[in-house]
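K.L.:
One file: run-v1.txt (compact mmCIF, C-alpha atoms).
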# COMPACT_ATOMS: atom_id res chain seq x y z
CA MET A 155 -17.92 -3.63 20.18
CA LYS A 156 -18.81 -0.09 21.22
CA ILE A 157 -17.39 2.44 18.77
CA GLU A 158 -17.34 6.20 19.14
CA PHE A 159 -16.62 8.27 16.08
CA VAL A 160 -17.54 11.52 14.39
CA LEU A 161 -19.70 11.27 11.30
CA ASN A 162 -20.30 14.38 9.22
CA GLU A 163 -19.31 16.48 12.21
CA LYS A 164 -21.70 14.77 14.60
CA LYS A 165 -20.52 12.49 17.37
CA GLN A 166 -21.91 8.95 17.15
CA VAL A 167 -21.76 5.98 19.50
CA ILE A 168 -22.66 2.65 17.95
CA GLN A 169 -22.72 -0.97 19.05
CA VAL A 170 -21.37 -2.92 16.12
CA ASP A 171 -19.55 -6.07 15.03
CA PRO A 172 -15.92 -4.90 14.76
CA VAL A 173 -15.62 -6.73 11.44
CA SER A 174 -18.48 -4.80 9.80
CA ARG A 175 -17.35 -2.69 6.88
CA LEU A 176 -17.54 1.08 7.23
CA LEU A 177 -19.30 1.04 3.84
CA ASP A 178 -22.20 -1.02 5.23
CA ILE A 179 -22.41 0.97 8.46
CA LEU A 180 -22.75 4.19 6.46
CA ARG A 181 -25.31 2.80 4.01
CA GLU A 182 -27.38 0.55 6.26
CA ASP A 183 -27.22 2.14 9.72
CA PHE A 184 -27.01 5.80 8.71
CA GLU A 185 -28.70 5.64 5.28
CA LEU A 186 -25.89 7.61 3.67
CA THR A 187 -26.41 6.20 0.20
CA SER A 188 -23.95 8.47 -1.61
CA VAL A 189 -21.43 5.84 -0.52
CA LYS A 190 -21.63 3.16 -3.21
CA GLU A 191 -20.49 -0.42 -3.33
CA GLY A 192 -18.91 -1.07 -6.71
CA CYS A 193 -16.28 -3.77 -6.46
CA GLY A 194 -16.08 -4.29 -2.69
CA GLU A 195 -12.33 -4.80 -2.92
CA GLY A 196 -10.74 -1.38 -3.04
CA GLU A 197 -10.39 -1.22 -6.81
CA CYS A 198 -13.14 1.12 -8.00
CA GLY A 199 -13.32 4.00 -5.51
CA ALA A 200 -17.14 4.27 -5.56
CA CYS A 201 -17.09 3.93 -1.75
CA VAL A 202 -14.45 6.61 -1.10
CA VAL A 203 -15.10 8.81 1.96
CA LEU A 204 -12.74 10.99 3.97
CA MET A 205 -11.24 9.68 7.20
CA ASP A 206 -9.47 12.42 9.16
CA GLY A 207 -9.44 14.46 5.96
CA LYS A 208 -7.96 11.81 3.66
CA ALA A 209 -9.62 9.72 0.96
CA VAL A 210 -10.09 6.08 1.99
CA ASN A 211 -11.92 3.03 0.59
CA SER A 212 -14.77 2.48 3.07
CA CYS A 213 -15.26 -1.09 1.80
CA LEU A 214 -11.85 -2.04 3.24
CA ILE A 215 -12.25 -0.50 6.69
CA PRO A 216 -13.49 -2.68 9.56
CA ALA A 217 -15.55 -0.92 12.24
CA GLY A 218 -12.76 -1.57 14.75
CA ASN A 219 -10.61 0.93 12.85
CA ILE A 220 -12.97 3.92 12.99
CA GLU A 221 -12.82 4.52 16.74
CA GLY A 222 -12.11 8.20 17.37
CA ARG A 223 -11.93 9.02 13.65
CA HIS A 224 -13.67 11.78 11.72
CA ILE A 225 -15.61 10.37 8.78
CA LEU A 226 -16.95 12.69 6.10
CA THR A 227 -19.31 11.54 3.35
CA LEU A 228 -20.76 13.52 0.48
CA GLU A 229 -23.90 14.15 2.58
CA GLY A 230 -21.77 16.09 5.08
CA PHE A 231 -19.45 17.67 2.56
CA CYS A 232 -22.23 18.97 0.26
CA LYS A 233 -23.09 21.73 2.75
CA THR A 234 -19.73 23.44 2.23
CA GLU A 235 -18.66 26.21 -0.11
CA ARG A 236 -15.88 24.02 -1.47
CA TYR A 237 -18.44 21.43 -2.51
CA LYS A 238 -20.43 24.07 -4.39
CA ILE A 239 -17.31 24.99 -6.37
CA ILE A 240 -16.64 21.34 -7.23
CA GLU A 241 -20.29 20.81 -8.21
CA GLU A 242 -20.38 23.84 -10.51
CA SER A 243 -17.03 22.95 -12.07
CA PHE A 244 -18.07 19.32 -12.67
CA LEU A 245 -21.33 20.46 -14.29
CA LYS A 246 -19.51 22.92 -16.51
CA ALA A 247 -16.85 20.41 -17.60
CA GLY A 248 -19.32 17.53 -18.14
CA SER A 249 -17.59 15.47 -15.43
CA VAL A 250 -20.78 13.59 -14.53
CA GLN A 251 -22.65 11.13 -16.72
CA CYS A 252 -24.38 8.20 -15.00
CA GLY A 253 -23.27 9.51 -11.60
CA PHE A 254 -22.47 6.23 -9.86
CA CYS A 255 -18.77 7.02 -9.44
CA THR A 256 -19.35 10.73 -8.77
CA PRO A 257 -19.57 10.77 -4.93
CA GLY A 258 -16.25 8.89 -4.71
CA ILE A 259 -14.69 11.17 -7.32
CA VAL A 260 -15.87 14.28 -5.43
CA MET A 261 -14.40 12.97 -2.16
CA SER A 262 -11.09 12.09 -3.84
CA THR A 263 -11.07 15.60 -5.33
CA GLU A 264 -11.61 17.16 -1.90
CA SER A 265 -8.82 14.99 -0.44
CA LEU A 266 -6.45 16.07 -3.22
CA LEU A 267 -7.25 19.79 -2.99
CA ARG A 268 -6.90 19.80 0.82
CA GLU A 269 -3.36 18.51 0.44
CA ASN A 270 -2.46 20.23 -2.81
CA PRO A 271 -4.72 23.20 -3.76
CA GLN A 272 -3.03 23.72 -7.15
CA PRO A 273 -2.33 20.25 -8.52
CA ASN A 274 -0.76 19.68 -11.94
CA ASP A 275 -2.14 17.17 -14.45
CA ASN A 276 -0.03 14.27 -13.18
CA GLU A 277 -0.95 14.94 -9.56
CA ILE A 278 -4.65 14.97 -10.51
CA ARG A 279 -4.27 11.68 -12.38
CA ASP A 280 -2.44 10.08 -9.47
CA ALA A 281 -4.99 11.30 -6.90
CA LEU A 282 -7.85 9.91 -9.03
CA SER A 283 -6.08 6.65 -9.94
CA GLY A 284 -8.25 4.75 -7.48
CA ASN A 285 -11.58 5.94 -8.92
CA LEU A 286 -13.01 4.12 -11.91
CA CYS A 287 -15.50 5.79 -14.26
CA ARG A 288 -17.05 3.82 -17.09
CA CYS A 289 -18.74 6.79 -18.80
CA THR A 290 -16.64 9.89 -19.18
CA GLY A 291 -13.26 8.58 -20.30
CA TYR A 292 -11.78 10.60 -17.41
CA ASN A 293 -10.65 13.67 -19.36
CA MET A 294 -13.82 15.59 -18.49
CA ILE A 295 -13.35 14.67 -14.83
CA PHE A 296 -9.76 15.93 -14.84
CA GLU A 297 -10.97 19.12 -16.54
CA GLY A 298 -13.63 19.57 -13.83
CA ILE A 299 -11.01 19.20 -11.09
CA LYS A 300 -8.69 21.71 -12.76
CA LEU A 301 -11.57 24.13 -13.07
CA ALA A 302 -12.50 23.65 -9.39
CA ALA A 303 -8.90 24.35 -8.31
CA GLU A 304 -8.92 27.57 -10.37
CA ARG A 305 -12.37 28.80 -9.35
CA GLY A 306 -11.90 27.88 -5.72
CA LYS A 307 -8.51 29.55 -5.26
CA GLY A 308 -8.08 30.45 -1.60
CA LEU A 309 -10.79 28.04 -0.40
CA TRP A 310 -8.44 25.09 0.06
CA MET B 240 -16.56 -15.79 20.89
CA VAL B 241 -14.76 -12.45 21.18
CA GLU B 242 -15.04 -10.90 17.74
CA GLY B 243 -12.37 -8.32 18.16
CA PHE B 244 -10.19 -6.48 20.60
CA ARG B 245 -8.88 -2.93 20.36
CA PRO B 246 -5.95 -2.61 22.78
CA ALA B 247 -4.88 0.74 24.23
CA ASP B 248 -1.18 0.02 23.77
CA LEU B 249 1.29 -2.56 22.52
CA ARG B 250 1.62 -4.23 25.92
CA GLU B 251 -2.13 -4.86 26.02
CA ALA B 252 -2.03 -6.13 22.43
CA LEU B 253 0.75 -8.62 23.21
CA GLU B 254 -1.07 -9.74 26.34
CA PHE B 255 -4.23 -10.49 24.31
CA ARG B 256 -2.16 -12.20 21.62
CA SER B 257 -0.57 -14.51 24.20
CA GLN B 258 -3.96 -15.55 25.59
CA HIS B 259 -6.22 -15.85 22.53
CA PRO B 260 -5.84 -17.26 19.05
CA SER B 261 -6.20 -14.08 16.99
CA ILE B 262 -5.60 -12.36 13.66
CA PRO B 263 -3.64 -9.11 13.95
CA ILE B 264 -5.15 -6.54 11.60
CA ALA B 265 -3.76 -3.09 10.80
CA GLY B 266 -5.21 -1.29 7.76
CA GLY B 267 -7.14 -4.35 6.60
CA THR B 268 -6.73 -3.68 2.88
CA ASP B 269 -5.67 -7.28 2.17
CA LEU B 270 -7.51 -9.16 4.93
CA MET B 271 -10.89 -7.51 4.33
CA VAL B 272 -10.75 -8.64 0.68
CA GLN B 273 -9.41 -12.12 1.37
CA LYS B 274 -12.19 -12.79 3.87
CA ALA B 275 -14.94 -10.98 1.94
CA ARG B 276 -18.23 -12.82 1.51
CA GLY B 277 -19.74 -10.60 -1.16
CA PHE B 278 -21.99 -7.65 -1.78
CA ALA B 279 -23.26 -5.81 1.34
CA LEU B 280 -21.91 -8.49 3.68
CA LYS B 281 -19.31 -8.30 6.39
CA PRO B 282 -16.24 -10.49 5.96
CA ASP B 283 -15.94 -13.78 7.78
CA PHE B 284 -12.91 -14.31 10.01
CA ASP B 285 -12.36 -17.61 11.80
CA LYS B 286 -10.56 -16.00 14.73
CA PRO B 287 -11.08 -12.77 16.67
CA LEU B 288 -9.40 -9.72 15.22
CA LEU B 289 -6.71 -7.90 17.14
CA PHE B 290 -6.71 -4.28 15.96
CA ILE B 291 -3.17 -2.89 15.96
CA GLY B 292 -3.21 -0.20 13.25
CA HIS B 293 -3.83 2.62 15.74
CA LEU B 294 -1.10 1.72 18.25
CA PRO B 295 1.26 4.67 18.76
CA ASP B 296 4.24 2.31 19.29
CA LEU B 297 3.96 1.20 15.66
CA GLN B 298 3.74 4.64 14.03
CA GLN B 299 7.26 6.02 14.15
CA ILE B 300 10.07 6.35 11.64
CA ILE B 301 13.36 6.84 13.50
CA VAL B 302 16.89 7.17 12.09
CA GLU B 303 19.49 5.87 14.54
CA ASN B 304 23.02 4.47 14.13
CA ARG B 305 22.80 4.54 10.33
CA GLN B 306 19.60 2.52 10.39
CA VAL B 307 16.00 3.50 9.71
CA HIS B 308 13.51 1.94 12.13
CA ILE B 309 10.07 1.89 10.54
CA GLY B 310 7.05 1.11 12.73
CA ALA B 311 5.00 -1.75 11.27
CA GLY B 312 1.87 0.42 11.41
CA VAL B 313 3.24 3.26 9.26
CA LEU B 314 0.90 3.95 6.34
CA LEU B 315 2.14 3.55 2.77
CA SER B 316 1.12 7.17 2.10
CA ASP B 317 3.22 8.37 5.06
CA LEU B 318 6.27 6.42 3.84
CA ILE B 319 6.02 8.21 0.48
CA LYS B 320 5.98 11.58 2.29
CA SER B 321 8.84 10.81 4.69
CA ASP B 322 12.30 12.28 4.07
CA LYS B 323 13.83 9.33 5.94
CA ILE B 324 12.87 6.74 3.33
CA PRO B 325 15.16 6.09 0.30
CA ALA B 326 13.78 7.46 -2.98
CA VAL B 327 13.79 4.14 -4.83
CA PHE B 328 11.73 2.49 -2.06
CA LYS B 329 9.26 5.39 -2.20
CA GLU B 330 9.00 4.95 -5.96
CA ALA B 331 7.96 1.31 -5.51
CA ILE B 332 5.41 2.24 -2.82
CA SER B 333 3.93 5.10 -4.86
CA LEU B 334 3.04 2.57 -7.58
CA MET B 335 1.11 0.37 -5.13
CA ALA B 336 -2.72 0.40 -5.32
CA SER B 337 -4.15 3.95 -5.19
CA PRO B 338 -4.24 6.88 -2.73
CA PRO B 339 -7.47 5.76 -0.96
CA SER B 340 -5.84 2.38 -0.26
CA ARG B 341 -2.38 3.76 0.53
CA ASN B 342 -4.06 6.00 3.13
CA ILE B 343 -5.09 2.85 5.04
CA ALA B 344 -2.53 0.16 4.14
CA THR B 345 0.57 -0.36 6.29
CA ILE B 346 4.09 -1.60 5.57
CA GLY B 347 3.74 -4.31 8.24
CA GLY B 348 0.57 -5.55 6.59
CA ASN B 349 2.21 -5.82 3.20
CA ILE B 350 5.04 -7.89 4.72
CA CYS B 351 2.78 -10.20 6.77
CA ASN B 352 0.49 -10.74 3.76
CA ALA B 353 3.59 -12.34 2.19
CA SER B 354 2.33 -12.13 -1.36
CA PRO B 355 4.89 -12.96 -4.08
CA ALA B 356 3.61 -9.72 -5.66
CA GLY B 357 3.96 -7.63 -2.48
CA ASP B 358 5.66 -4.52 -3.80
CA THR B 359 7.44 -3.45 -0.59
CA LEU B 360 9.25 -6.81 -0.52
CA PRO B 361 11.89 -6.71 -3.31
CA TYR B 362 13.49 -3.58 -1.85
CA LEU B 363 13.37 -5.00 1.69
CA TYR B 364 15.04 -8.21 0.48
CA ALA B 365 17.64 -6.23 -1.47
CA VAL B 366 18.75 -4.22 1.59
CA ASP B 367 18.57 -7.20 4.00
CA ALA B 368 15.79 -5.65 6.08
CA ILE B 369 15.50 -6.98 9.62
CA LEU B 370 12.09 -7.52 11.19
CA VAL B 371 11.41 -7.10 14.89
CA LEU B 372 8.86 -9.60 16.23
CA LYS B 373 7.56 -9.12 19.74
CA SER B 374 5.61 -11.32 22.10
CA SER B 375 4.66 -10.61 25.71
CA GLN B 376 7.67 -12.71 26.76
CA ALA B 377 10.36 -12.01 24.21
CA GLU B 378 11.62 -10.15 21.19
CA ARG B 379 13.44 -11.57 18.17
CA LYS B 380 14.97 -10.08 15.05
CA ILE B 381 15.04 -11.98 11.79
CA PRO B 382 15.77 -11.12 8.13
CA VAL B 383 12.70 -10.58 5.95
CA GLY B 384 13.82 -13.44 3.67
CA VAL B 385 13.69 -15.87 6.60
CA PHE B 386 10.37 -14.51 7.91
CA ILE B 387 8.50 -15.12 4.64
CA THR B 388 8.43 -18.83 3.96
CA ASN B 389 5.89 -19.33 1.17
CA PRO B 390 3.12 -17.42 -0.60
CA GLY B 391 0.91 -16.07 2.20
CA LYS B 392 2.99 -17.88 4.84
CA THR B 393 5.30 -16.40 7.44
CA ASP B 394 7.22 -17.46 10.51
CA LEU B 395 5.03 -15.27 12.77
CA ALA B 396 4.22 -17.19 15.96
CA SER B 397 0.67 -17.15 17.32
CA ASP B 398 1.72 -14.90 20.23
CA GLU B 399 3.82 -12.50 18.17
CA ILE B 400 3.29 -9.14 16.45
CA LEU B 401 5.56 -7.62 13.80
CA THR B 402 6.44 -4.27 15.35
CA GLU B 403 9.31 -2.80 13.37
CA ILE B 404 11.22 -3.01 10.11
CA ILE B 405 14.89 -2.01 10.13
CA ILE B 406 16.62 -0.94 6.92
CA PRO B 407 20.06 0.62 6.43
CA ASP B 408 20.12 4.44 6.24
CA LYS B 409 22.07 4.28 3.02
CA LYS B 410 21.71 5.61 -0.48
CA PHE B 411 23.13 3.41 -3.22
CA GLY B 412 24.99 5.08 -6.08
CA VAL B 413 22.76 3.31 -8.58
CA SER B 414 19.09 2.61 -7.81
CA TYR B 415 16.77 1.04 -10.36
CA TYR B 416 13.14 -0.02 -9.97
CA ARG B 417 10.73 -1.19 -12.62
CA LYS B 418 7.21 -2.53 -12.14
CA VAL B 419 5.44 -4.26 -14.99
CA GLY B 420 1.67 -4.03 -14.69
CA THR B 421 -1.34 -3.65 -16.95
CA ARG B 422 -1.63 0.04 -16.21
CA LYS B 423 0.21 2.57 -14.08
CA GLY B 424 -2.35 3.09 -11.32
CA MET B 425 -4.14 0.33 -9.38
CA SER B 426 -2.19 -2.55 -10.85
CA LEU B 427 -0.77 -5.63 -9.20
CA SER B 428 2.70 -6.55 -10.41
CA LYS B 429 3.06 -9.04 -13.25
CA ALA B 430 6.75 -8.71 -12.48
CA SER B 431 8.99 -6.24 -10.73
CA PHE B 432 12.73 -5.67 -10.60
CA THR B 433 14.88 -3.89 -8.03
CA GLY B 434 18.58 -3.27 -8.66
CA LEU B 435 20.94 -1.40 -6.33
CA ALA B 436 24.68 -0.92 -6.77
CA ASP B 437 27.69 1.07 -5.63
CA ILE B 438 30.52 1.81 -8.01
CA GLU B 439 33.88 3.09 -6.80
CA ASN B 440 36.91 3.74 -9.00
CA SER B 441 35.08 2.08 -11.90
CA ASN B 442 34.62 -1.15 -9.92
CA VAL B 443 31.35 -2.59 -8.67
CA THR B 444 31.76 -2.57 -4.90
CA ASP B 445 28.21 -3.63 -3.96
CA ILE B 446 25.28 -4.99 -5.94
CA ARG B 447 21.79 -6.15 -4.88
CA ILE B 448 19.31 -7.68 -7.31
CA ALA B 449 15.75 -8.71 -6.37
CA PHE B 450 12.90 -9.99 -8.54
CA GLY B 451 9.24 -9.80 -7.48
CA SER B 452 6.21 -11.87 -8.64
CA VAL B 453 8.29 -14.53 -10.41
CA ALA B 454 8.65 -17.26 -7.77
CA PRO B 455 6.89 -18.33 -4.52
CA THR B 456 8.95 -15.71 -2.68
CA ILE B 457 11.20 -12.81 -3.76
CA VAL B 458 14.24 -13.99 -5.75
CA ARG B 459 17.68 -12.86 -4.66
CA SER B 460 21.01 -14.69 -5.09
CA ARG B 461 23.95 -13.67 -2.92
CA LYS B 462 26.11 -16.13 -4.87
CA ILE B 463 25.52 -14.43 -8.21
CA GLU B 464 25.81 -10.97 -6.63
CA ALA B 465 29.21 -12.00 -5.14
CA SER B 466 30.39 -13.06 -8.60
CA ILE B 467 29.67 -9.53 -9.91
CA ILE B 468 31.22 -7.61 -7.00
CA ARG B 469 34.76 -6.35 -7.64
CA LYS B 470 34.30 -6.58 -11.42
CA PRO B 471 35.28 -3.42 -13.30
CA VAL B 472 32.12 -1.85 -14.79
CA SER B 473 33.81 -2.02 -18.20
CA GLU B 474 33.60 -5.83 -18.00
CA ILE B 475 29.93 -5.88 -17.02
CA LYS B 476 28.67 -5.28 -20.55
CA THR B 477 30.41 -8.37 -21.93
CA ALA B 478 29.39 -10.38 -18.84
CA VAL B 479 25.66 -9.58 -19.25
CA PRO B 480 24.68 -12.78 -21.15
CA GLU B 481 26.51 -14.93 -18.61
CA ILE B 482 24.85 -13.18 -15.62
CA VAL B 483 21.41 -13.43 -17.24
CA LYS B 484 22.01 -17.13 -17.81
CA LYS B 485 22.84 -17.63 -14.13
CA TYR B 486 19.61 -15.95 -13.02
CA ALA B 487 17.37 -17.72 -15.56
CA PRO B 488 16.82 -20.95 -13.56
CA LEU B 489 15.87 -18.93 -10.45
CA ILE B 490 13.02 -17.16 -12.26
CA ARG B 491 10.13 -19.62 -11.88
CA PRO B 492 6.90 -17.70 -12.45
CA ILE B 493 3.40 -19.09 -12.85
CA ASP B 494 0.59 -18.53 -15.34
CA ASP B 495 -2.31 -16.70 -13.70
CA ALA B 496 -5.02 -14.15 -14.44
CA ARG B 497 -2.50 -11.32 -14.46
CA SER B 498 0.12 -12.69 -16.83
CA SER B 499 1.80 -15.76 -18.30
CA ALA B 500 4.88 -17.50 -16.94
CA ALA B 501 6.70 -17.09 -20.26
CA TYR B 502 6.11 -13.33 -20.40
CA ARG B 503 7.06 -12.83 -16.77
CA LYS B 504 10.32 -14.68 -17.22
CA LYS B 505 11.24 -12.88 -20.41
CA VAL B 506 10.47 -9.39 -19.11
CA SER B 507 12.26 -10.02 -15.78
CA LEU B 508 15.47 -11.08 -17.50
CA ARG B 509 15.22 -8.13 -19.90
CA LEU B 510 14.94 -5.75 -16.94
CA LEU B 511 18.03 -7.39 -15.40
CA GLU B 512 19.83 -6.87 -18.68
CA ASP B 513 18.75 -3.22 -18.84
CA PHE B 514 19.94 -2.62 -15.26
CA LEU B 515 23.34 -4.22 -15.93
CA ARG B 516 23.86 -2.36 -19.21
CA ASN B 517 22.98 0.94 -17.50
CA LEU B 518 25.59 0.22 -14.82
CA ALA B 519 28.23 0.19 -17.50
CA SER B 520 27.17 3.40 -19.19
Is it possible to give me this structure as structure tokens?

P.N.:
Amino acid sequence: MKIEFVLNEKKQVIQVDPVSRLLDILREDFELTSVKEGCGEGECGACVVLMDGKAVNSCLIPAGNIEGRHILTLEGFCKTERYKIIEESFLKAGSVQCGFCTPGIVMSTESLLRENPQPNDNEIRDALSGNLCRCTGYNMIFEGIKLAAERGKGLW
Amino acid sequence: MVEGFRPADLREALEFRSQHPSIPIAGGTDLMVQKARGFALKPDFDKPLLFIGHLPDLQQIIVENRQVHIGAGVLLSDLIKSDKIPAVFKEAISLMASPPSRNIATIGGNICNASPAGDTLPYLYAVDAILVLKSSQAERKIPVGVFITNPGKTDLASDEILTEIIIPDKKFGVSYYRKVGTRKGMSLSKASFTGLADIENSNVTDIRIAFGSVAPTIVRSRKIEASIIRKPVSEIKTAVPEIVKKYAPLIRPIDDARSSAAYRKKVSLRLLEDFLRNLAS
């Protein structure tokens, strides 16, 4: 199937099996390896990217569903000012340890702050409920997100 | 073999469906996992996929004649945001999976997946939701409880698509929902309970009780509900043991990775008891 979509703000036309997972297309065809496969069943959030501005599990999306969509991965997002704020805040709060979950966490954070620039603790927890981290115990991640919302006031 | 077809509109989708054996797929959050083959591999479907998640005809939520018509392709995350959806139904949906999955998953998909643990189902059973099934030739409307026949099995014909879910535009005086899972986020139900009631002049005038995850399909008994209707709420408290006893044989859970049959049964009946006692207070 021929699929046209926008990836990190660049238009792409690909010939692909409509059943292929967005996760594999991003990793294998475009070498965007920030997108990780953890569980492969929508539980862990390591593969989270933005589709039309919202966090989605790329392991659950067949190619047939990306026609006309805007996909943003960390590789595209990291050029923005908002990313810089999230990066600095995560470093300061110790939100990153092994790093495997971090791209998904950053994309879920961006999705949350786009919709709700000043989230409270419960809203942060809910927005991150689909991202597993085996290192930090989460509190340092939530702190990092709070810090990003404060430091980046006006950016989202 | 055609591996997939992405129709421009519903008419084209129904045309394809009438001519080819196919698997309708909307968000894919259940199907992509059920057909997964493992790490870095694409899933394996035995029939071509018919992509319907993008169809504009399936995206609307319309209130008309005291009914809410929900397009089968409406995302779970959009249902939570809609002011047309009853609060207790939104509560159940907001406890399903996580935001990155709710941003892809659809209400029609959750119904057609027909899991005993499908968390949109108890509410839909409780309000007697009607499903609209279309084919290129015809349209039929059937209650959700008739559509779902067994775990993972529905009455959907090979040329049909679920297009719409109709629920009453009604707020019950008492709405109660509890989901029992291992954790709050990202959990599949071990058991769930939905209770709706109207009370007028201290009498129960309407009551709906639905149990999820404790039998092959959602449990609801019109007979027991009828025996409660018209009772004064003051009598409910003393009637609780008798009502619980009536429901007990209908709760037939299984042991699985998520929970044990004994626990599921006990917690479900306790939730029923809590709902009934709260009615009286």

K.L.:
Restricting the calculation to only C-alpha atoms, which member of B:Phe284, B:Arg509, B:Lys504, B:Ile369 is positioned closest to Pro488 (chain B)?

P.N.:
B:Lys504

K.L.:
So, counting all atoms listed in the file, which residue among B:Gln299, B:Ser354, B:Ser466, B:Gln376 is closest to Asn389 (chain B)?

P.N.:
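Among B:Gln299, B:Ser354, B:Ser466, B:Gln376, it is B:Ser354 that comes nearest to Asn389 (chain B).
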
K.L.:
Chain A residues within 8 Å of chain B, counting all atoms listed in the file: which ones, as a ChimeraX atom specification?

P.N.:
/A:155,171-175,178,191,194-197,199,202,208-211,214-216,218-219,262,280-284

K.L.:
Using C-alpha atoms, can you export the residues from the last selection as a PDB file, keeping the file's coordinate frame?

P.N.:
ATOM      1  CA  MET A 155     -17.920  -3.630  20.180  1.00  0.00           C
ATOM      2  CA  ASP A 171     -19.550  -6.070  15.030  1.00  0.00           C
ATOM      3  CA  PRO A 172     -15.920  -4.900  14.760  1.00  0.00           C
ATOM      4  CA  VAL A 173     -15.620  -6.730  11.440  1.00  0.00           C
ATOM      5  CA  SER A 174     -18.480  -4.800   9.800  1.00  0.00           C
ATOM      6  CA  ARG A 175     -17.350  -2.690   6.880  1.00  0.00           C
ATOM      7  CA  ASP A 178     -22.200  -1.020   5.230  1.00  0.00           C
ATOM      8  CA  GLU A 191     -20.490  -0.420  -3.330  1.00  0.00           C
ATOM      9  CA  GLY A 194     -16.080  -4.290  -2.690  1.00  0.00           C
ATOM     10  CA  GLU A 195     -12.330  -4.800  -2.920  1.00  0.00           C
ATOM     11  CA  GLY A 196     -10.740  -1.380  -3.040  1.00  0.00           C
ATOM     12  CA  GLU A 197     -10.390  -1.220  -6.810  1.00  0.00           C
ATOM     13  CA  GLY A 199     -13.320   4.000  -5.510  1.00  0.00           C
ATOM     14  CA  VAL A 202     -14.450   6.610  -1.100  1.00  0.00           C
ATOM     15  CA  LYS A 208      -7.960  11.810   3.660  1.00  0.00           C
ATOM     16  CA  ALA A 209      -9.620   9.720   0.960  1.00  0.00           C
ATOM     17  CA  VAL A 210     -10.090   6.080   1.990  1.00  0.00           C
ATOM     18  CA  ASN A 211     -11.920   3.030   0.590  1.00  0.00           C
ATOM     19  CA  LEU A 214     -11.850  -2.040   3.240  1.00  0.00           C
ATOM     20  CA  ILE A 215     -12.250  -0.500   6.690  1.00  0.00           C
ATOM     21  CA  PRO A 216     -13.490  -2.680   9.560  1.00  0.00           C
ATOM     22  CA  GLY A 218     -12.760  -1.570  14.750  1.00  0.00           C
ATOM     23  CA  ASN A 219     -10.610   0.930  12.850  1.00  0.00           C
ATOM     24  CA  SER A 262     -11.090  12.090  -3.840  1.00  0.00           C
ATOM     25  CA  ASP A 280      -2.440  10.080  -9.470  1.00  0.00           C
ATOM     26  CA  ALA A 281      -4.990  11.300  -6.900  1.00  0.00           C
ATOM     27  CA  LEU A 282      -7.850   9.910  -9.030  1.00  0.00           C
ATOM     28  CA  SER A 283      -6.080   6.650  -9.940  1.00  0.00           C
ATOM     29  CA  GLY A 284      -8.250   4.750  -7.480  1.00  0.00           C
TER      30      GLY A 284
END

K.L.:
From the set B:Tyr415, B:Tyr502, B:Phe386, B:Phe432, which residue has the shortest atom-to-atom contact distance to Ala449 (chain B), counting only C-alpha atoms?

P.N.:
B:Phe432

K.L.:
Taking (4.1, -10.8, -13.3) in the file's coordinates, which residues come within 12 Å, counting only C-alpha atoms, written as a VMD selection string?

P.N.:
chain B and resid 355 to 358 417 to 421 426 to 432 450 to 455 490 to 507

K.L.:
Could you pull the residues within 12 Å of Glu229 (chain A), counting all atoms listed in the file, minus those fewer than 4 positions along the same chain, as a PyMOL selection string?

P.N.:
chain A and resi 161-163+180-181+184-189+203-204+225+233-234+237+257-258+260-261

K.L.:
In Å, rounded to a single decimal, give me how far CA of Ser261 (chain B) is from CA of Lys286 (chain B).

P.N.:
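Distance reported for this atom pair: 5.3 Å.
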
K.L.:
Give me the residues within 12 Å of Ser249 (chain A) as a CSV table (one decimal) with C-alpha atoms, keeping the file's coordinate frame, counting all atoms listed in the file and dropping any in the same chain fewer than 3 places off.

P.N.:
chain,number,residue,atom,x,y,z
A,240,ILE,CA,-16.6,21.3,-7.2
A,241,GLU,CA,-20.3,20.8,-8.2
A,242,GLU,CA,-20.4,23.8,-10.5
A,243,SER,CA,-17.0,23.0,-12.1
A,244,PHE,CA,-18.1,19.3,-12.7
A,245,LEU,CA,-21.3,20.5,-14.3
A,246,LYS,CA,-19.5,22.9,-16.5
A,252,CYS,CA,-24.4,8.2,-15.0
A,253,GLY,CA,-23.3,9.5,-11.6
A,254,PHE,CA,-22.5,6.2,-9.9
A,255,CYS,CA,-18.8,7.0,-9.4
A,256,THR,CA,-19.4,10.7,-8.8
A,257,PRO,CA,-19.6,10.8,-4.9
A,259,ILE,CA,-14.7,11.2,-7.3
A,260,VAL,CA,-15.9,14.3,-5.4
A,287,CYS,CA,-15.5,5.8,-14.3
A,288,ARG,CA,-17.0,3.8,-17.1
A,289,CYS,CA,-18.7,6.8,-18.8
A,290,THR,CA,-16.6,9.9,-19.2
A,291,GLY,CA,-13.3,8.6,-20.3
A,292,TYR,CA,-11.8,10.6,-17.4
A,293,ASN,CA,-10.6,13.7,-19.4
A,294,MET,CA,-13.8,15.6,-18.5
A,295,ILE,CA,-13.4,14.7,-14.8
A,296,PHE,CA,-9.8,15.9,-14.8
A,297,GLU,CA,-11.0,19.1,-16.5
A,298,GLY,CA,-13.6,19.6,-13.8
A,299,ILE,CA,-11.0,19.2,-11.1
A,300,LYS,CA,-8.7,21.7,-12.8
A,301,LEU,CA,-11.6,24.1,-13.1
A,302,ALA,CA,-12.5,23.6,-9.4
